[in-house]
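S.K.: Pasting in a structure now, in structure tokens, and then I'll have a few things to ask.
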Amino acid sequence: MTANDMSPDVVAGVVDRVVARWRGDPTCMVQILREVQEACDWISPEAIDRLQTALGVPRTKIEGVAGFYSFFYLRPRGQYRILFSDNVSDRMLGSQALLERLCHNLWIEPGKVSEDGLVSVDRTSCTGMCDQGPGLLVNNLAITRLDAGRIDEIAERVRNRVPLAEWPAEWFRVEDNIRQPGILLGHDMQPGDALRAALALGDDGPAALIEAIKKANLRGRGGAGFTTGLKWLACRNAPLKPGQGRVIVCNADEGEPGTFKDRVLLTSYADLVFEGMTLAAYAVGARRGFLYLRGEYRYLLEPLTAVLERRRRDKLLGAGILGLPGFNFDIEIHLGAGAYVCGEESALIESLEGKRGTPRNRPPFPVTNGYLDQPTVVNNVETFASAALIALKGADWYAAIGTRQSAGSKILSVAGDCARPGLYEYPFGVSVRQVLADCGATNTQAVQISGPSGVCVGPEEFDRVIGFEDIPTAGAFTIFDDSRDMFEVARNYVHFFQHESCGFCTPCRVGTSLLKNLMDKLHNGCGSPYDFAEIEKLNLLLQSMSHCGLGHTACNPVLDTIKKFRPAYEKRLVQKDFTPAFDLDRALAAARQMTGRDDAAAHLVKATSGEDA
Amino acid sequence: MSQTFTLDGQSIPFADGQTILQAATAAGVFIPHLCYHPEFKPHGSCKLCTVKVNGRHTASCTMRATPGMTVESNTEDINAERRSLVQMLFVEGNHFCPACEQSGNCKLQATAYQLGMMSPHFDHFFPSRALDASHPEVLLDFNRCILCSLCVRASRDVDGKNVFALSGRGIKTRLIVNAGSGRLADTNFSPADKAAGVCPVGVFLKKRRGFAVPIGERRYDKAPIDSIAEEI
Amino acid sequence: MNAPAKKLKVATTSLAGCFGCHMSFLDIDERLFTLLEHVEFDRSPLTDIKTCSPDCDLGIIEGGLCNAENIHVLREFRKNCKTLIAIGACAVNGGLPAQRNHLPLTAILEEVYHTSPGLANGMIPNDPELPLPLDKVHPIHEVVKVDYFIPGCPPSGDAIWKVLTDLLAGREPELGHGLMRYD
């Protein structure tokens, strides 16, 4: 019996309980799978059998969904499933060596399960702890501030099968690291204040609120910067089919490597966020809301559920909010399961509907045809929080902050090479140089703003400013000093996109893999100018032919670093002539081993430029 | 159909709700495509049908035609991009045409011919994909699957069976069948299903029936894909 | 075509192929005479010359890469030929031999020499004269830069003729419907 075996009866019991908790609703498939796995350690064929019956959906649907998300396991991955955050900032803090150390301690290979079925160690995309890395997830719970000592202690507890509940709480402590508060992080709003202010606008409250959001010039904080008021208005005006309602979704799938501001907003400012969602519901006439929380922030589920519970008790959620008849709205939390692409709003909605997180064809847009084909507002965490402040303090107050095109403030998630990583909130218009000075960055070579899908700026651009008119950002601000190799930074990001491509469209599915292979080829010393031309060609193809933003931006880190740090690439074009991507001599290793040969003819040396081997 | 748009300089009439691809096809203009099939809801995944609408790339199978829009399709640049996509599909799977019963009837191959693909260009992935020979009448060769999901849609929307689905993600996306064993024989699949007949490549092969029509005399051997009206 | 002042030097070889493409090449029939007004053959199974002259204009490679010797020959061609053409499915995408790629080489050798009866007395041959097999079969463009491709298994004599005449005339080779075939 391996560590993950449970009797079919126990599994069936778990499945039945979870399915009942989710009302037997197949649209909650992602949540159901998550809870089944939390109880059973994996999603076994027996669990799928039972789910098929309990939910009345075909097995293909269950396996299709489960197979899509990184955190769902259709094969046993151990009682302890350890995933090292593999963002470039984790690597800069030594995560690679720590991963090797843990594997060495536990006698396992990365990616494999130990022979006794107890533990597996692997890598995962950025877990959003860049300000206190290196980080890892154990059974989807975040551990921060790893060092060699902590790694050894983790190994010891795994070996001794100490339940996670008995691991030191200190390991799981996540700091806010607020270094510079602004209007959001320094706010003094009491729960309900903004709602009361909106309701005080009277019968025309919803329209007046939308007008205020428009007038405040609030734009989406996810990076794209769509005007929030217009989005709300479009949703409010979208026709409803019989039985439909409008829906508010908060996108807390903060997956862009290097971003962690939503983590803090949801840790210490959840009321502000939920209040913003409730205001949006009031404005558009929605009754149903979702917080789509990335799976990496699983540890926030209980505290956030408690906040929602308190808000219900305080009449800030539920039926007749603040005593206003007909103002009915509630929020449900759905967790993601390790899929960056679900940060794209239509993929997020697919995931909310219990499907594979594949971006939809647009138009139509979610605002008319969103969750279960209903008009849906999807906004970023920070957008909702800002909306709450606007409702409370007024559009004029808000519009006066920041710049003409970019009103209000922006929270930056600062990490990488600086003395004080953490959150910095500025009015829009702050220069890159100012942020670098405030966080104590020296000898800065480059800053990756808004993550791999954003832009990479070099020193000559440090006077550029954060704002929709210059550098729009979802918040990531990752700093690289002059000791870092920008080619390797780009290569890490290319690996990220390859791992996160949803696989729906040909150019992104295959193109990100080809791009990864080419970057690895350069890394391995097999690069020639030919490969460089191939990389440039692939970049253009990804940009023009991909289905969604992931593919469109997957080449950004490469394009930017080629443009701004070309020597880092040229250094790698060590071959004058085309050179194979694979090692020819190694390709003979199996034959050498089988024949026992090691003579000269049993080897292939690298062809040197212009002459035969 | 008084409304029109311009496709490569030609005026194309369209009805309300028609996509660019549908209207072009109706007007006898060929736009390459693999995941699109006139009997199913457009999917938009293969991206072969990408055109430029007012200068921007978009999939013509999902983009609705609007009056006066300017569409570029049969240009050297766009065809070069399409050729790269076909090359990607060739290196992603294991496509050995000389040994494939579908050769000559295969849309991937015919599209590659039409686009003048002389080589797969990229390095091959040579993935390891098992065959499923469990079913008494039909063999599944996943080596050729291009993940167009036409069998998935046909089984779900026409056959009402959900025999097929895509699982996995990214480059690991794969076609699965509706059985705990993972074997086609353990599903309620029937060779008479719509799903058995929509594959644009050679995943579905009828057993005990090979090369009934000789190589050289098959559908796309006789005429290029862009000269043949869509089969319905 | 007018006869040129100087004939182009052409070398050909078959790597992991079946010589079918060479046979198909002979299918250009009487056009060979015309061709010979324009080219002379260097290393080729047609001449039995064993090594490439250093000034070949055109190298035509049939077959993919399945062993160390294939690599050496391919490198020799790339080094000595100004222009390299991959001819046939095996050179273009590995072809039939590449269908072993999903099996580990160790399992293949095991099966052929140990499990199946009758070969080499149950020993995997280890004669240094024999080239060692690569763990996977590769098309030639994955190892050297290839300039042109003629797909087909084999390409028809007409397709080969078309590409060669295009090249001799300085045109980008193109195969229209009927000539462009992968099977």
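For the structure tokens, the naming scheme is as follows: chains receive sequential letters (A, B, ...) according to their order of presentation, residues are indexed from 1 within each chain, and ligands are indexed from 1 in presentation order.
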Set the cut-off to 8 Å and count only C-alpha atoms: what are the residues of chain B that reach chain A? Output as a PyMOL selection string.
M.R.: chain B and resi 43-47+50+57-58+62+81+85+88-89+92+122+162-173+176-180
S.K.: Restrict the distance test to only C-alpha atoms, flag each residue of chain C within 12 Å of chain B, and return the flagged residues as a PyMOL selection string.
M.R.: chain C and resi 85-104+136-156+159+163+172-183
S.K.: Kindly provide, as an MDAnalysis selection string, the residues of chain A having any atom no farther than 7 Å from an atom of chain C, counting only C-alpha atoms.
M.R.: chainID A and resid 578:580 587:588 590:591 594:595 597 601:602 604 610:612
S.K.: So which one's closest to Arg491 (chain A), A:Val430, A:Leu185, A:Leu392, A:Ile562? Using only C-alpha atoms, please.
M.R.: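 With only C-alpha atoms as the atom set, the closest residue is A:Ile562.
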S.K.: Could you state the separation of CA of Pro557 (chain A) and CA of Cys456 (chain A) in Å, given to one decimal place?
M.R.: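 Pair CA of Pro557 (chain A) / CA of Cys456 (chain A) returns 6.9 Å.
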S.K.: Given the choices B:Val213, B:Val201, B:Arg83, B:Arg156, which gets closest to Asn143 (chain B) if the distance is worked out from only C-alpha atoms?
M.R.: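 Using only C-alpha atoms, Asn143 (chain B) sits closest to B:Val201.
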S.K.: Compile the contact shell of Arg208 (chain B) as a PyMOL selection string: residues with an atom at most 10 Å away, counting only C-alpha atoms, same-chain residues fewer than 5 positions apart removed.
M.R.: chain B and resi 136-138
S.K.: So which residues of region 3-129 of chain C fall under alpha helix (DSSP H) by DSSP, listed as JSON, numbers by chain?
M.R.: {"C": [20, 21, 22, 23, 24, 25, 26, 31, 32, 33, 34, 35, 36, 37, 38, 68, 69, 70, 71, 72, 73, 74, 75, 76, 77, 78, 79, 80, 89, 90, 91, 92, 93, 105, 106, 107, 108, 109]}
S.K.: Please identify all polymer residues within 10 Å of Phe14 (chain B), counting only C-alpha atoms, omitting same-chain residues fewer than 5 positions from it, and present them as a PyMOL selection string.
M.R.: chain B and resi 1-5+19-20+22-24+26-27+64-67
S.K.: Where does DSSP see strand (DSSP E or B) in region 8-219 of chain B, if you list the residues as a VMD selection string?
M.R.: chain B and resid 10 to 14 19 50 to 53 56 to 59 64 70 to 72 131 to 132 138 to 141 164 to 167 174 to 177 204 to 206
S.K.: Of the candidates A:Asp262, A:Asp485, A:Asp5, A:Glu296, which shows the shortest atom-to-atom distance to Cys126 (chain A), using only C-alpha atoms?
M.R.: A:Glu296
S.K.: To one decimal place in Å, what is the distance between CA of Asp159 (chain B) and CA of Gln244 (chain A)?
M.R.: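 Rounded to one decimal, the two atoms are 28.8 Å apart.
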S.K.: Quick one: residues within 12 Å of region 165-176 of chain A, only C-alpha atoms, excluding same-chain residues fewer than 4 positions away - as a PyMOL selection string?
M.R.: chain A and resi 127-147+149-151+153-158+160-161+180-181+185+260-269+297-300+413+421-424
S.K.: Restrict the selected residues to N, CA and C atoms and save them as a short mmCIF file (atom, residue, chain, number, x, y, z; two decimals), in the first residue's frame.
M.R.:
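For reference, selection28.cif as written:
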data_model
loop_
_atom_site.label_atom_id
_atom_site.label_comp_id
_atom_site.auth_asym_id
_atom_site.auth_seq_id
_atom_site.Cartn_x
_atom_site.Cartn_y
_atom_site.Cartn_z
N THR A 127 5.08 32.08 -6.87
CA THR A 127 4.00 31.91 -5.89
C THR A 127 3.60 33.23 -5.24
N GLY A 128 4.18 34.32 -5.68
CA GLY A 128 3.76 35.62 -5.17
C GLY A 128 4.37 35.98 -3.82
N MET A 129 5.54 35.42 -3.52
CA MET A 129 6.23 35.73 -2.26
C MET A 129 7.62 36.31 -2.55
N CYS A 130 7.71 37.04 -3.66
CA CYS A 130 9.02 37.51 -4.14
C CYS A 130 9.70 38.43 -3.14
N ASP A 131 8.91 39.10 -2.28
CA ASP A 131 9.50 40.02 -1.30
C ASP A 131 10.01 39.28 -0.07
N GLN A 132 9.73 37.98 0.00
CA GLN A 132 10.19 37.21 1.16
C GLN A 132 10.57 35.80 0.74
N GLY A 133 11.16 35.72 -0.46
CA GLY A 133 11.56 34.44 -0.99
C GLY A 133 12.90 34.02 -0.42
N PRO A 134 13.43 32.89 -0.87
CA PRO A 134 12.74 31.98 -1.78
C PRO A 134 11.54 31.33 -1.10
N GLY A 135 10.55 30.99 -1.92
CA GLY A 135 9.34 30.42 -1.36
C GLY A 135 9.05 29.05 -1.93
N LEU A 136 8.21 28.34 -1.23
CA LEU A 136 7.70 27.08 -1.77
C LEU A 136 6.27 26.88 -1.31
N LEU A 137 5.62 25.92 -1.92
CA LEU A 137 4.30 25.51 -1.49
C LEU A 137 4.41 24.06 -1.02
N VAL A 138 3.85 23.78 0.14
CA VAL A 138 3.72 22.38 0.52
C VAL A 138 2.21 22.10 0.63
N ASN A 139 1.76 21.16 -0.15
CA ASN A 139 0.32 20.89 -0.29
C ASN A 139 -0.45 22.20 -0.46
N ASN A 140 0.10 23.05 -1.31
CA ASN A 140 -0.48 24.34 -1.69
C ASN A 140 -0.47 25.40 -0.59
N LEU A 141 0.23 25.15 0.51
CA LEU A 141 0.38 26.19 1.52
C LEU A 141 1.77 26.81 1.39
N ALA A 142 1.80 28.14 1.50
CA ALA A 142 3.04 28.86 1.22
C ALA A 142 3.98 28.85 2.42
N ILE A 143 5.23 28.55 2.14
CA ILE A 143 6.30 28.74 3.12
C ILE A 143 7.25 29.78 2.53
N THR A 144 7.67 30.72 3.38
CA THR A 144 8.48 31.84 2.88
C THR A 144 9.89 31.77 3.49
N ARG A 145 10.74 32.70 3.04
CA ARG A 145 12.08 32.92 3.62
C ARG A 145 12.87 31.62 3.82
N LEU A 146 12.95 30.85 2.75
CA LEU A 146 13.69 29.59 2.85
C LEU A 146 15.19 29.86 2.98
N ASP A 147 15.83 29.05 3.79
CA ASP A 147 17.28 29.01 3.77
C ASP A 147 17.69 27.56 4.04
N GLY A 149 18.95 26.06 6.56
CA GLY A 149 18.47 25.51 7.83
C GLY A 149 17.01 25.10 7.76
N ARG A 150 16.21 25.96 7.17
CA ARG A 150 14.78 25.67 7.07
C ARG A 150 14.53 24.46 6.16
N ILE A 151 15.31 24.38 5.10
CA ILE A 151 15.20 23.24 4.18
C ILE A 151 15.49 21.93 4.93
N GLU A 153 15.22 21.36 8.08
CA GLU A 153 14.15 21.07 9.03
C GLU A 153 12.90 20.55 8.34
N ILE A 154 12.65 21.08 7.14
CA ILE A 154 11.50 20.58 6.36
C ILE A 154 11.73 19.10 6.03
N ALA A 155 12.94 18.80 5.57
CA ALA A 155 13.25 17.42 5.21
C ALA A 155 13.05 16.49 6.40
N GLU A 156 13.49 16.96 7.56
CA GLU A 156 13.37 16.12 8.76
C GLU A 156 11.90 15.84 9.09
N ARG A 157 11.08 16.88 8.99
CA ARG A 157 9.66 16.69 9.31
C ARG A 157 8.97 15.79 8.29
N VAL A 158 9.37 15.92 7.02
CA VAL A 158 8.79 15.04 6.01
C VAL A 158 9.17 13.60 6.31
N ASN A 160 9.94 12.27 9.04
CA ASN A 160 9.26 11.78 10.25
C ASN A 160 7.75 11.85 10.14
N ARG A 161 7.29 12.19 8.97
CA ARG A 161 5.85 12.23 8.68
C ARG A 161 5.09 13.11 9.68
N GLN A 180 5.70 51.71 1.58
CA GLN A 180 5.23 53.07 1.33
C GLN A 180 3.74 53.08 1.07
N PRO A 181 2.94 53.39 2.11
CA PRO A 181 1.49 53.41 1.92
C PRO A 181 1.05 54.68 1.21
N LEU A 185 -3.26 51.82 0.72
CA LEU A 185 -2.62 51.11 1.82
C LEU A 185 -2.65 51.93 3.12
N PHE A 260 2.66 40.79 -6.21
CA PHE A 260 2.13 40.25 -4.95
C PHE A 260 1.29 41.26 -4.19
N LYS A 261 0.88 42.33 -4.87
CA LYS A 261 0.11 43.39 -4.19
C LYS A 261 -1.29 42.91 -3.80
N ASP A 262 -1.90 42.05 -4.64
CA ASP A 262 -3.24 41.58 -4.31
C ASP A 262 -3.22 40.70 -3.06
N ARG A 263 -2.11 40.00 -2.89
CA ARG A 263 -1.94 39.18 -1.68
C ARG A 263 -2.09 40.06 -0.45
N VAL A 264 -1.44 41.24 -0.47
CA VAL A 264 -1.49 42.13 0.69
C VAL A 264 -2.86 42.78 0.81
N LEU A 265 -3.41 43.21 -0.31
CA LEU A 265 -4.75 43.82 -0.26
C LEU A 265 -5.75 42.84 0.33
N LEU A 266 -5.63 41.56 -0.02
CA LEU A 266 -6.59 40.57 0.47
C LEU A 266 -6.25 40.11 1.88
N THR A 267 -5.00 40.32 2.29
CA THR A 267 -4.63 39.95 3.66
C THR A 267 -5.11 41.02 4.65
N SER A 268 -4.85 42.27 4.33
CA SER A 268 -5.08 43.32 5.32
C SER A 268 -6.11 44.37 4.90
N TYR A 269 -6.59 44.29 3.66
CA TYR A 269 -7.54 45.29 3.18
C TYR A 269 -8.75 44.65 2.50
N TYR A 297 -2.55 31.23 -3.14
CA TYR A 297 -2.97 31.96 -1.93
C TYR A 297 -4.04 31.17 -1.16
N ARG A 298 -3.95 29.87 -1.24
CA ARG A 298 -4.91 29.00 -0.54
C ARG A 298 -5.02 29.36 0.94
N TYR A 299 -3.89 29.77 1.53
CA TYR A 299 -3.88 30.06 2.97
C TYR A 299 -4.78 31.24 3.33
N LEU A 300 -5.18 32.03 2.32
CA LEU A 300 -6.05 33.18 2.60
C LEU A 300 -7.53 32.79 2.61
N SER A 413 4.71 46.08 -6.66
CA SER A 413 5.30 44.95 -5.94
C SER A 413 6.79 44.94 -6.27
N PRO A 421 12.61 45.21 -0.34
CA PRO A 421 11.51 44.73 -1.20
C PRO A 421 10.19 44.83 -0.45
N GLY A 422 9.12 44.97 -1.20
CA GLY A 422 7.80 45.06 -0.57
C GLY A 422 6.88 45.91 -1.41
N LEU A 423 5.82 46.43 -0.76
CA LEU A 423 4.83 47.21 -1.50
C LEU A 423 5.10 48.71 -1.39
N TYR A 424 5.02 49.36 -2.52
CA TYR A 424 5.19 50.82 -2.60
C TYR A 424 4.00 51.38 -3.36
#
S.K.: Hey, which of C:Val10, C:Leu35, C:Met23, C:Ala169 ends up closest to Asp57 (chain C)? Count only C-alpha atoms.
M.R.: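 Checking each candidate against Asp57 (chain C), we get C:Val10 as the closest.
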S.K.: Quick one: distance from CA of His33 (chain B) to CA of Gly197 (chain B) in Å, one decimal?
M.R.: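 A separation of 17.1 Å between them.
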S.K.: With distances taken over only C-alpha atoms, which residue among A:Leu83, A:Ala194, A:Leu522, A:Val494 lies nearest Val558 (chain A)?
M.R.: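 Once distances to Val558 (chain A) are computed over only C-alpha atoms, the minimum belongs to A:Val494.
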S.K.: Set the distance at 9 Å and use only C-alpha atoms: which residues neighbour Cys103 (chain A) once local chain neighbours fewer than 4 positions away are removed? I'd like the list as a ChimeraX atom specification.
M.R.: /A:98-99,107-110,120-121,155
S.K.: Output the selection as a PDB file, in the first residue's frame - N, CA and C atoms for each residue.
M.R.:
ATOM      1  N   LEU A  98      18.679  25.407  -3.035  1.00  0.00           N
ATOM      2  CA  LEU A  98      17.845  24.912  -1.939  1.00  0.00           C
ATOM      3  C   LEU A  98      17.007  23.720  -2.390  1.00  0.00           C
ATOM      4  N   LEU A  99      16.521  23.794  -3.625  1.00  0.00           N
ATOM      5  CA  LEU A  99      15.756  22.668  -4.169  1.00  0.00           C
ATOM      6  C   LEU A  99      16.648  21.421  -4.230  1.00  0.00           C
ATOM      7  N   TRP A 107      16.576  12.180  -0.752  1.00  0.00           N
ATOM      8  CA  TRP A 107      16.950  11.126  -1.686  1.00  0.00           C
ATOM      9  C   TRP A 107      15.958  10.994  -2.819  1.00  0.00           C
ATOM     10  N   ILE A 108      15.552  12.102  -3.385  1.00  0.00           N
ATOM     11  CA  ILE A 108      14.654  12.015  -4.534  1.00  0.00           C
ATOM     12  C   ILE A 108      15.145  12.925  -5.648  1.00  0.00           C
ATOM     13  N   GLU A 109      14.625  12.688  -6.842  1.00  0.00           N
ATOM     14  CA  GLU A 109      14.927  13.534  -7.990  1.00  0.00           C
ATOM     15  C   GLU A 109      13.811  14.559  -8.138  1.00  0.00           C
ATOM     16  N   PRO A 110      14.178  15.790  -8.546  1.00  0.00           N
ATOM     17  CA  PRO A 110      13.121  16.786  -8.781  1.00  0.00           C
ATOM     18  C   PRO A 110      12.101  16.242  -9.785  1.00  0.00           C
ATOM     19  N   SER A 120       7.026  14.408  -2.967  1.00  0.00           N
ATOM     20  CA  SER A 120       7.550  14.803  -4.271  1.00  0.00           C
ATOM     21  C   SER A 120       8.028  16.246  -4.167  1.00  0.00           C
ATOM     22  N   VAL A 121       9.057  16.564  -4.945  1.00  0.00           N
ATOM     23  CA  VAL A 121       9.589  17.929  -4.978  1.00  0.00           C
ATOM     24  C   VAL A 121       9.666  18.360  -6.437  1.00  0.00           C
ATOM     25  N   ALA A 155      12.944  18.796   5.568  1.00  0.00           N
ATOM     26  CA  ALA A 155      13.254  17.416   5.209  1.00  0.00           C
ATOM     27  C   ALA A 155      13.050  16.493   6.402  1.00  0.00           C
TER      28      ALA A 155
END
S.K.: Considering only C-alpha atoms, can you say which of B:Thr6, B:Gly210, B:Met69, B:Leu205 comes closest to His135 (chain B)?
M.R.: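 Using only C-alpha atoms, the shortest distance to His135 (chain B) belongs to B:Leu205.
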S.K.: Determine, counting only C-alpha atoms, which protein, DNA and RNA residues have an atom within 8 Å of an atom of Leu58 (chain C); residues of the same chain fewer than 4 positions away are not included. Present the result as a ChimeraX atom specification.
M.R.: /C:8-11,81-85
S.K.: What would the file look like if the residues just selected were written as a PDB file, in the first residue's frame with C-alpha atoms?
M.R.:
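Dumped everything to out07.pdb:
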ATOM      1  CA  LEU C   8      28.196  22.605 -61.936  1.00  0.00           C
ATOM      2  CA  LYS C   9      29.735  19.935 -59.775  1.00  0.00           C
ATOM      3  CA  VAL C  10      27.078  17.795 -58.106  1.00  0.00           C
ATOM      4  CA  ALA C  11      27.580  15.274 -55.307  1.00  0.00           C
ATOM      5  CA  CYS C  81      29.100  21.818 -51.218  1.00  0.00           C
ATOM      6  CA  LYS C  82      27.993  25.394 -51.687  1.00  0.00           C
ATOM      7  CA  THR C  83      24.347  24.410 -51.769  1.00  0.00           C
ATOM      8  CA  LEU C  84      22.784  21.486 -49.956  1.00  0.00           C
ATOM      9  CA  ILE C  85      19.500  19.857 -50.939  1.00  0.00           C
TER      10      ILE C  85
END
